[in-house]
Amino acid sequence: MWAYYILTTLNLNQYATATAQPGLSVAVINDVCIPIPPRKEQERISKEIEHWFDLIDQIEQGKSDLQTIIKQTKSKILDLAIHGKLVPQDPNDEPAIELLKRINPDFTPCDNGHSEKLPKNWTWAKGINIFLPMKSTKPKDEEFQYIDIDSIDNKRQIINGIKTLKTSKAPSRASRYTQKNDVIFSMVHPYLRNIAKVINDNCIASTGFYVCSPTPKLLNSDYCYYLMISEYVVNGLNQFMKGDNSPSISKGHIDEWLFPLPPFAEQQRIVQKIEALFSVLDNIQNALEV
């Protein structure tokens with residue numbers, strides 16, 4: 001064990017020669033000086049190293065377990081939030097169904113197909129009733145901002161980098177118009193959770209995304225984002241996947257999916273509570289990564 005530990009600390013790479021395929025020669029290794037303590041001390045040092053390595057492994061496992069707990073806690077917070085169990089209801093809030101009817105007089109309440117009850121003043125609404133119709137557009141200027149799957153950090157569900165492409169080299173799938181505060185949801189491999197809130201105006205996204213543009217004064221953009229990353233939505237839509245190579249869902253699946261919609265004022269209170277709780281959890285997460 002002493003030989004193993006000493007060899008891992010010697011940094012033998014520093015003695016490598018050649019550039020194309022660096023390597024070590026036996027002659028070079030033979031000339032490397034190695035400190036040798038008495039045999040008994042070698043054993044004591046090895047045991048002490050093993051003790052501390054075991055402790056470090058326990059700490060690392062504890063960090064991993066805590067990160068898992070944080071992820072599960074966030075998921076539970078979202079579940080409570082979208083089912084009206086995170087903040088108290090205010091009976092003075094305008095019922096969501098009344099707001100829907102005022103915005104869309106032809107709205108038909110979705111009171112079928114769902115045994116789960118929502119709080120008073122909430123309602124079930126289809127995606128087609130709470131999202132604005134998607135817009136198709138083609139790049140017009142010399143360059144354009146493009147969002148594809150590679151732009152999404154699906155661990156944190158944020159946009160990691162919007163690409164700037166020349167219009168002459170625009171992919172054929174570049175035609176989904178997006179604006180700031182839209183939420184994009186990948187319909188291809190939806191279980192991978194390529195979901196994010198758009199941070200810039202006038203971007204063009206791949207047709208692989210469903211663009212959730214919240215209806216103003218009906219759906220808060222932040223509530224929309226937390227709704228779309230929730231287990232209820234992601235796991236619920238996953239059941240409609242079809243295809244072997246690239247399992248996907250369709251636009252119609254999101255249009256027809258039933259979303260829990262609270263009064264607009266309560267959506268704002270829910271978002272504030274989620275962000276306060278997530279901030280505490282993120283601070284713990286960041287401390288674990290130091």
# chains A, B, ... in the order shown; residues from 1 in each chain; ligands from 1
call {"tool": "closest_atom_pairs", "arguments": {"of": "segment 42-95 of chain A", "to": "segment 251-260 of chain A", "cutoff": "9 Å", "atoms": "only C-alpha atoms", "output": "tab-separated table"}}
result
residue	atom	partner	partner_atom	distance
A:Ile82	CA	A:Pro260	CA	6.4
A:His83	CA	A:Pro260	CA	6.9
A:Gly84	CA	A:Pro260	CA	8.9
call {"tool": "residues_around", "arguments": {"residues": "Arg193 of chain A", "least_positions_apart": "4", "cutoff": "10 Å", "atoms": "only C-alpha atoms", "output": "list of chain:residue names"}}
result
A:Ile152, A:Asp153, A:Asn154, A:Lys155, A:Arg156, A:Gln157, A:Phe185, A:Ser186, A:Met187, A:Val188, A:His189, A:Met228, A:Ile229, A:Ser230, A:Val234, A:Asn235
call {"tool": "write_last_selection", "arguments": {"atoms": "all heavy atoms", "output": "CSV table (one decimal), in the first residue's frame"}}
result
chain,number,residue,atom,x,y,z
A,152,ILE,N,-29.7,24.3,-24.2
A,152,ILE,CA,-30.4,24.1,-22.9
A,152,ILE,C,-29.5,23.3,-21.9
A,152,ILE,O,-28.9,22.3,-22.3
A,152,ILE,CB,-31.7,23.3,-23.1
A,152,ILE,CG1,-32.6,24.0,-24.2
A,152,ILE,CG2,-32.5,23.2,-21.8
A,152,ILE,CD1,-33.0,25.3,-23.9
A,153,ASP,N,-29.4,23.8,-20.7
A,153,ASP,CA,-28.8,23.1,-19.6
A,153,ASP,C,-29.9,22.3,-18.9
A,153,ASP,O,-30.7,22.9,-18.1
A,153,ASP,CB,-28.1,24.0,-18.7
A,153,ASP,CG,-27.4,23.3,-17.4
A,153,ASP,OD1,-27.8,22.1,-17.2
A,153,ASP,OD2,-26.6,24.0,-16.7
A,154,ASN,N,-30.1,21.0,-19.2
A,154,ASN,CA,-31.3,20.3,-18.7
A,154,ASN,C,-31.1,19.9,-17.3
A,154,ASN,O,-32.0,19.3,-16.7
A,154,ASN,CB,-31.7,19.2,-19.6
A,154,ASN,CG,-30.6,18.1,-19.7
A,154,ASN,OD1,-29.5,18.2,-19.1
A,154,ASN,ND2,-30.9,17.0,-20.4
A,155,LYS,N,-29.9,20.1,-16.7
A,155,LYS,CA,-29.7,19.8,-15.2
A,155,LYS,C,-30.4,21.0,-14.4
A,155,LYS,O,-30.9,20.7,-13.4
A,155,LYS,CB,-28.2,19.7,-14.9
A,155,LYS,CG,-27.5,18.6,-15.6
A,155,LYS,CD,-28.1,17.2,-15.3
A,155,LYS,CE,-27.3,16.1,-16.0
A,155,LYS,NZ,-27.9,14.8,-15.9
A,156,ARG,N,-30.2,22.2,-14.9
A,156,ARG,CA,-30.7,23.4,-14.2
A,156,ARG,C,-31.9,24.0,-14.9
A,156,ARG,O,-32.5,24.9,-14.4
A,156,ARG,CB,-29.6,24.4,-14.1
A,156,ARG,CG,-28.4,24.0,-13.2
A,156,ARG,CD,-27.4,25.1,-13.0
A,156,ARG,NE,-26.8,25.5,-14.3
A,156,ARG,CZ,-26.1,26.6,-14.5
A,156,ARG,NH1,-26.0,27.5,-13.5
A,156,ARG,NH2,-25.5,26.8,-15.6
A,157,GLN,N,-32.3,23.4,-16.0
A,157,GLN,CA,-33.4,23.9,-16.8
A,157,GLN,C,-33.3,25.4,-17.1
A,157,GLN,O,-34.2,26.2,-16.8
A,157,GLN,CB,-34.7,23.5,-16.2
A,157,GLN,CG,-35.2,22.2,-16.6
A,157,GLN,CD,-35.5,21.2,-15.4
A,157,GLN,OE1,-35.7,21.7,-14.3
A,157,GLN,NE2,-35.4,19.9,-15.6
A,185,PHE,N,-40.3,24.0,-24.3
A,185,PHE,CA,-40.4,22.7,-23.8
A,185,PHE,C,-40.1,21.7,-25.0
A,185,PHE,O,-40.9,21.7,-25.9
A,185,PHE,CB,-41.9,22.4,-23.2
A,185,PHE,CG,-42.1,21.1,-22.6
A,185,PHE,CD1,-42.1,21.0,-21.2
A,185,PHE,CD2,-42.2,20.0,-23.3
A,185,PHE,CE1,-42.3,19.8,-20.6
A,185,PHE,CE2,-42.5,18.7,-22.7
A,185,PHE,CZ,-42.5,18.7,-21.3
A,186,SER,N,-39.1,21.0,-24.8
A,186,SER,CA,-38.7,20.1,-25.9
A,186,SER,C,-39.7,18.9,-26.1
A,186,SER,O,-39.9,18.2,-25.1
A,186,SER,CB,-37.3,19.5,-25.7
A,186,SER,OG,-37.0,18.6,-26.8
A,187,MET,N,-40.2,18.8,-27.2
A,187,MET,CA,-41.2,17.7,-27.5
A,187,MET,C,-40.4,16.4,-27.9
A,187,MET,O,-41.0,15.3,-28.0
A,187,MET,CB,-42.2,18.1,-28.6
A,187,MET,CG,-43.1,19.2,-28.2
A,187,MET,SD,-44.3,19.7,-29.4
A,187,MET,CE,-43.3,20.4,-30.7
A,188,VAL,N,-39.1,16.5,-28.2
A,188,VAL,CA,-38.3,15.3,-28.5
A,188,VAL,C,-37.6,14.9,-27.2
A,188,VAL,O,-37.0,15.7,-26.5
A,188,VAL,CB,-37.3,15.7,-29.6
A,188,VAL,CG1,-36.5,14.5,-30.0
A,188,VAL,CG2,-38.0,16.3,-30.8
A,189,HIS,N,-37.7,13.6,-26.9
A,189,HIS,CA,-37.2,13.1,-25.6
A,189,HIS,C,-37.6,14.0,-24.5
A,189,HIS,O,-36.7,14.5,-23.7
A,189,HIS,CB,-35.6,13.0,-25.7
A,189,HIS,CG,-35.1,12.2,-26.8
A,189,HIS,ND1,-35.2,10.8,-26.8
A,189,HIS,CD2,-34.4,12.5,-27.9
A,189,HIS,CE1,-34.6,10.3,-27.9
A,189,HIS,NE2,-34.1,11.3,-28.6
A,228,MET,N,-44.3,24.0,-16.0
A,228,MET,CA,-43.8,23.2,-17.0
A,228,MET,C,-42.6,22.3,-16.6
A,228,MET,O,-42.4,21.2,-17.2
A,228,MET,CB,-43.3,24.0,-18.2
A,228,MET,CG,-44.5,24.8,-18.9
A,228,MET,SD,-45.9,23.8,-19.4
A,228,MET,CE,-45.2,22.7,-20.7
A,229,ILE,N,-41.9,22.6,-15.6
A,229,ILE,CA,-40.8,21.7,-15.1
A,229,ILE,C,-41.3,20.8,-14.0
A,229,ILE,O,-40.5,20.0,-13.5
A,229,ILE,CB,-39.6,22.5,-14.6
A,229,ILE,CG1,-39.9,23.3,-13.3
A,229,ILE,CG2,-39.0,23.4,-15.7
A,229,ILE,CD1,-38.6,24.0,-12.7
A,230,SER,N,-42.5,20.9,-13.6
A,230,SER,CA,-43.0,20.0,-12.5
A,230,SER,C,-43.2,18.6,-13.0
A,230,SER,O,-43.3,18.3,-14.2
A,230,SER,CB,-44.4,20.6,-12.1
A,230,SER,OG,-45.4,20.4,-13.1
A,234,VAL,N,-44.2,17.0,-16.7
A,234,VAL,CA,-43.2,16.3,-17.5
A,234,VAL,C,-43.6,14.8,-17.5
A,234,VAL,O,-43.7,14.2,-18.6
A,234,VAL,CB,-41.8,16.4,-16.9
A,234,VAL,CG1,-40.8,15.5,-17.6
A,234,VAL,CG2,-41.4,17.9,-17.0
A,235,ASN,N,-43.9,14.2,-16.4
A,235,ASN,CA,-44.2,12.8,-16.4
A,235,ASN,C,-45.6,12.5,-17.0
A,235,ASN,O,-45.8,11.5,-17.7
A,235,ASN,CB,-44.3,12.3,-14.9
A,235,ASN,CG,-42.9,12.2,-14.3
A,235,ASN,OD1,-41.9,12.2,-15.0
A,235,ASN,ND2,-42.8,12.1,-13.0
call {"tool": "closest_atom_pairs", "arguments": {"of": "segment 48-126 of chain A", "to": "segment 269-277 of chain A", "cutoff": "8 Å", "atoms": "only C-alpha atoms", "output": "CSV"}}
result
residue,atom,partner,partner_atom,distance
A:Ile77,CA,A:Ile274,CA,7.1
A:Leu78,CA,A:Ile274,CA,7.5
A:Ala81,CA,A:Ile270,CA,6.3
A:Leu86,CA,A:Ile270,CA,6.9
A:Val87,CA,A:Ile270,CA,6.3
call {"tool": "write_last_selection", "arguments": {"atoms": "C-alpha atoms", "output": "PDB file, in the first residue's frame"}}
result
ATOM      1  CA  ILE A  77     -42.246  22.114  -3.454  1.00  0.00           C
ATOM      2  CA  LEU A  78     -43.371  22.378  -7.073  1.00  0.00           C
ATOM      3  CA  ALA A  81     -47.303  24.746  -5.423  1.00  0.00           C
ATOM      4  CA  LEU A  86     -47.868  25.954  -0.828  1.00  0.00           C
ATOM      5  CA  VAL A  87     -49.502  29.282   0.024  1.00  0.00           C
TER       6      VAL A  87
END
call {"tool": "select_by_dssp", "arguments": {"residues": "segment 52-275 of chain A", "states": "helix (DSSP H, G or I)", "output": "number ranges by chain"}}
result
A: 52-81, 96-103, 127-130, 149-151, 167-169, 190-192, 221-228, 231-238, 251-256, 264-275
call {"tool": "closest_residue", "arguments": {"among": "A:Ala265, A:Leu165, A:Ile45, A:Val233", "to": "Asp90 of chain A", "atoms": "only C-alpha atoms"}}
result
A:Ala265
call {"tool": "residues_around", "arguments": {"residues": "segment 59-69 of chain A", "least_positions_apart": "3", "cutoff": "12 Å", "atoms": "only C-alpha atoms", "output": "JSON, numbers by chain"}}
result
{"A": [52, 53, 54, 55, 56, 72, 73, 74, 75, 76, 281, 282, 283, 284, 285, 286, 287, 288, 289, 290]}
call {"tool": "write_last_selection", "arguments": {"atoms": "N, CA, C and O atoms", "output": "PDB file, in the first residue's frame"}}
result
ATOM      1  N   TRP A  52      -8.364   8.280   6.644  1.00  0.00           N
ATOM      2  CA  TRP A  52      -8.835   9.582   6.169  1.00  0.00           C
ATOM      3  C   TRP A  52      -9.550   9.476   4.832  1.00  0.00           C
ATOM      4  O   TRP A  52     -10.529  10.191   4.579  1.00  0.00           O
ATOM      5  N   PHE A  53      -9.099   8.574   3.968  1.00  0.00           N
ATOM      6  CA  PHE A  53      -9.779   8.376   2.688  1.00  0.00           C
ATOM      7  C   PHE A  53     -11.195   7.821   2.908  1.00  0.00           C
ATOM      8  O   PHE A  53     -12.139   8.196   2.211  1.00  0.00           O
ATOM      9  N   ASP A  54     -11.322   6.913   3.877  1.00  0.00           N
ATOM     10  CA  ASP A  54     -12.650   6.385   4.199  1.00  0.00           C
ATOM     11  C   ASP A  54     -13.573   7.504   4.680  1.00  0.00           C
ATOM     12  O   ASP A  54     -14.752   7.566   4.318  1.00  0.00           O
ATOM     13  N   LEU A  55     -13.026   8.395   5.508  1.00  0.00           N
ATOM     14  CA  LEU A  55     -13.815   9.516   6.026  1.00  0.00           C
ATOM     15  C   LEU A  55     -14.232  10.456   4.893  1.00  0.00           C
ATOM     16  O   LEU A  55     -15.384  10.907   4.823  1.00  0.00           O
ATOM     17  N   ILE A  56     -13.301  10.720   3.976  1.00  0.00           N
ATOM     18  CA  ILE A  56     -13.602  11.581   2.822  1.00  0.00           C
ATOM     19  C   ILE A  56     -14.688  10.940   1.955  1.00  0.00           C
ATOM     20  O   ILE A  56     -15.604  11.615   1.480  1.00  0.00           O
ATOM     21  N   GLN A  72     -35.109  16.281  -4.620  1.00  0.00           N
ATOM     22  CA  GLN A  72     -36.427  15.752  -4.281  1.00  0.00           C
ATOM     23  C   GLN A  72     -37.278  16.805  -3.579  1.00  0.00           C
ATOM     24  O   GLN A  72     -38.496  16.885  -3.804  1.00  0.00           O
ATOM     25  N   THR A  73     -36.636  17.619  -2.746  1.00  0.00           N
ATOM     26  CA  THR A  73     -37.365  18.669  -2.034  1.00  0.00           C
ATOM     27  C   THR A  73     -37.909  19.712  -3.005  1.00  0.00           C
ATOM     28  O   THR A  73     -39.057  20.157  -2.882  1.00  0.00           O
ATOM     29  N   LYS A  74     -37.106  20.104  -3.984  1.00  0.00           N
ATOM     30  CA  LYS A  74     -37.567  21.055  -4.990  1.00  0.00           C
ATOM     31  C   LYS A  74     -38.760  20.497  -5.756  1.00  0.00           C
ATOM     32  O   LYS A  74     -39.737  21.210  -6.029  1.00  0.00           O
ATOM     33  N   SER A  75     -38.670  19.223  -6.097  1.00  0.00           N
ATOM     34  CA  SER A  75     -39.777  18.591  -6.815  1.00  0.00           C
ATOM     35  C   SER A  75     -41.046  18.597  -5.975  1.00  0.00           C
ATOM     36  O   SER A  75     -42.144  18.862  -6.485  1.00  0.00           O
ATOM     37  N   LYS A  76     -40.898  18.335  -4.677  1.00  0.00           N
ATOM     38  CA  LYS A  76     -42.061  18.328  -3.782  1.00  0.00           C
ATOM     39  C   LYS A  76     -42.639  19.731  -3.629  1.00  0.00           C
ATOM     40  O   LYS A  76     -43.869  19.904  -3.594  1.00  0.00           O
ATOM     41  N   LEU A 281     -32.351  26.436  -0.689  1.00  0.00           N
ATOM     42  CA  LEU A 281     -31.814  25.155  -1.166  1.00  0.00           C
ATOM     43  C   LEU A 281     -30.613  25.372  -2.082  1.00  0.00           C
ATOM     44  O   LEU A 281     -29.643  24.603  -2.041  1.00  0.00           O
ATOM     45  N   ASP A 282     -30.666  26.419  -2.916  1.00  0.00           N
ATOM     46  CA  ASP A 282     -29.535  26.701  -3.812  1.00  0.00           C
ATOM     47  C   ASP A 282     -28.294  27.109  -3.028  1.00  0.00           C
ATOM     48  O   ASP A 282     -27.171  26.770  -3.415  1.00  0.00           O
ATOM     49  N   ASN A 283     -28.481  27.834  -1.924  1.00  0.00           N
ATOM     50  CA  ASN A 283     -27.341  28.213  -1.095  1.00  0.00           C
ATOM     51  C   ASN A 283     -26.679  26.974  -0.492  1.00  0.00           C
ATOM     52  O   ASN A 283     -25.440  26.892  -0.416  1.00  0.00           O
ATOM     53  N   ILE A 284     -27.481  26.019  -0.066  1.00  0.00           N
ATOM     54  CA  ILE A 284     -26.931  24.756   0.440  1.00  0.00           C
ATOM     55  C   ILE A 284     -26.203  24.027  -0.670  1.00  0.00           C
ATOM     56  O   ILE A 284     -25.093  23.502  -0.473  1.00  0.00           O
ATOM     57  N   GLN A 285     -26.828  23.972  -1.851  1.00  0.00           N
ATOM     58  CA  GLN A 285     -26.226  23.298  -3.007  1.00  0.00           C
ATOM     59  C   GLN A 285     -24.878  23.923  -3.345  1.00  0.00           C
ATOM     60  O   GLN A 285     -23.894  23.223  -3.581  1.00  0.00           O
ATOM     61  N   ASN A 286     -24.822  25.238  -3.365  1.00  0.00           N
ATOM     62  CA  ASN A 286     -23.574  25.932  -3.709  1.00  0.00           C
ATOM     63  C   ASN A 286     -22.497  25.660  -2.674  1.00  0.00           C
ATOM     64  O   ASN A 286     -21.314  25.529  -3.007  1.00  0.00           O
ATOM     65  N   ALA A 287     -22.897  25.585  -1.403  1.00  0.00           N
ATOM     66  CA  ALA A 287     -21.921  25.305  -0.350  1.00  0.00           C
ATOM     67  C   ALA A 287     -21.346  23.896  -0.513  1.00  0.00           C
ATOM     68  O   ALA A 287     -20.158  23.663  -0.215  1.00  0.00           O
ATOM     69  N   LEU A 288     -22.149  22.968  -0.995  1.00  0.00           N
ATOM     70  CA  LEU A 288     -21.674  21.598  -1.197  1.00  0.00           C
ATOM     71  C   LEU A 288     -20.657  21.516  -2.321  1.00  0.00           C
ATOM     72  O   LEU A 288     -19.805  20.616  -2.348  1.00  0.00           O
ATOM     73  N   GLU A 289     -20.750  22.447  -3.276  1.00  0.00           N
ATOM     74  CA  GLU A 289     -19.887  22.388  -4.453  1.00  0.00           C
ATOM     75  C   GLU A 289     -18.573  23.120  -4.255  1.00  0.00           C
ATOM     76  O   GLU A 289     -17.709  23.098  -5.130  1.00  0.00           O
ATOM     77  N   VAL A 290     -18.432  23.807  -3.128  1.00  0.00           N
ATOM     78  CA  VAL A 290     -17.180  24.553  -2.882  1.00  0.00           C
ATOM     79  C   VAL A 290     -16.041  23.590  -2.633  1.00  0.00           C
ATOM     80  O   VAL A 290     -16.186  22.613  -1.899  1.00  0.00           O
TER      81      VAL A 290
END
call {"tool": "select_by_dssp", "arguments": {"residues": "segment 99-144 of chain A", "states": "strand (DSSP E)", "output": "NGL selection string"}}
result
:A and (123-126 or 143-144)
call {"tool": "write_last_selection", "arguments": {"atoms": "C-alpha atoms", "output": "short mmCIF file (atom, residue, chain, number, x, y, z; two decimals), in the first residue's frame"}}
result
data_model
loop_
_atom_site.label_atom_id
_atom_site.label_comp_id
_atom_site.auth_asym_id
_atom_site.auth_seq_id
_atom_site.Cartn_x
_atom_site.Cartn_y
_atom_site.Cartn_z
CA THR A 123 -59.65 25.62 -12.42
CA TRP A 124 -58.34 23.03 -14.86
CA ALA A 125 -57.49 24.55 -18.24
CA LYS A 126 -56.08 23.09 -21.43
CA GLU A 143 -27.65 36.82 -38.54
CA PHE A 144 -30.16 35.58 -36.02
#
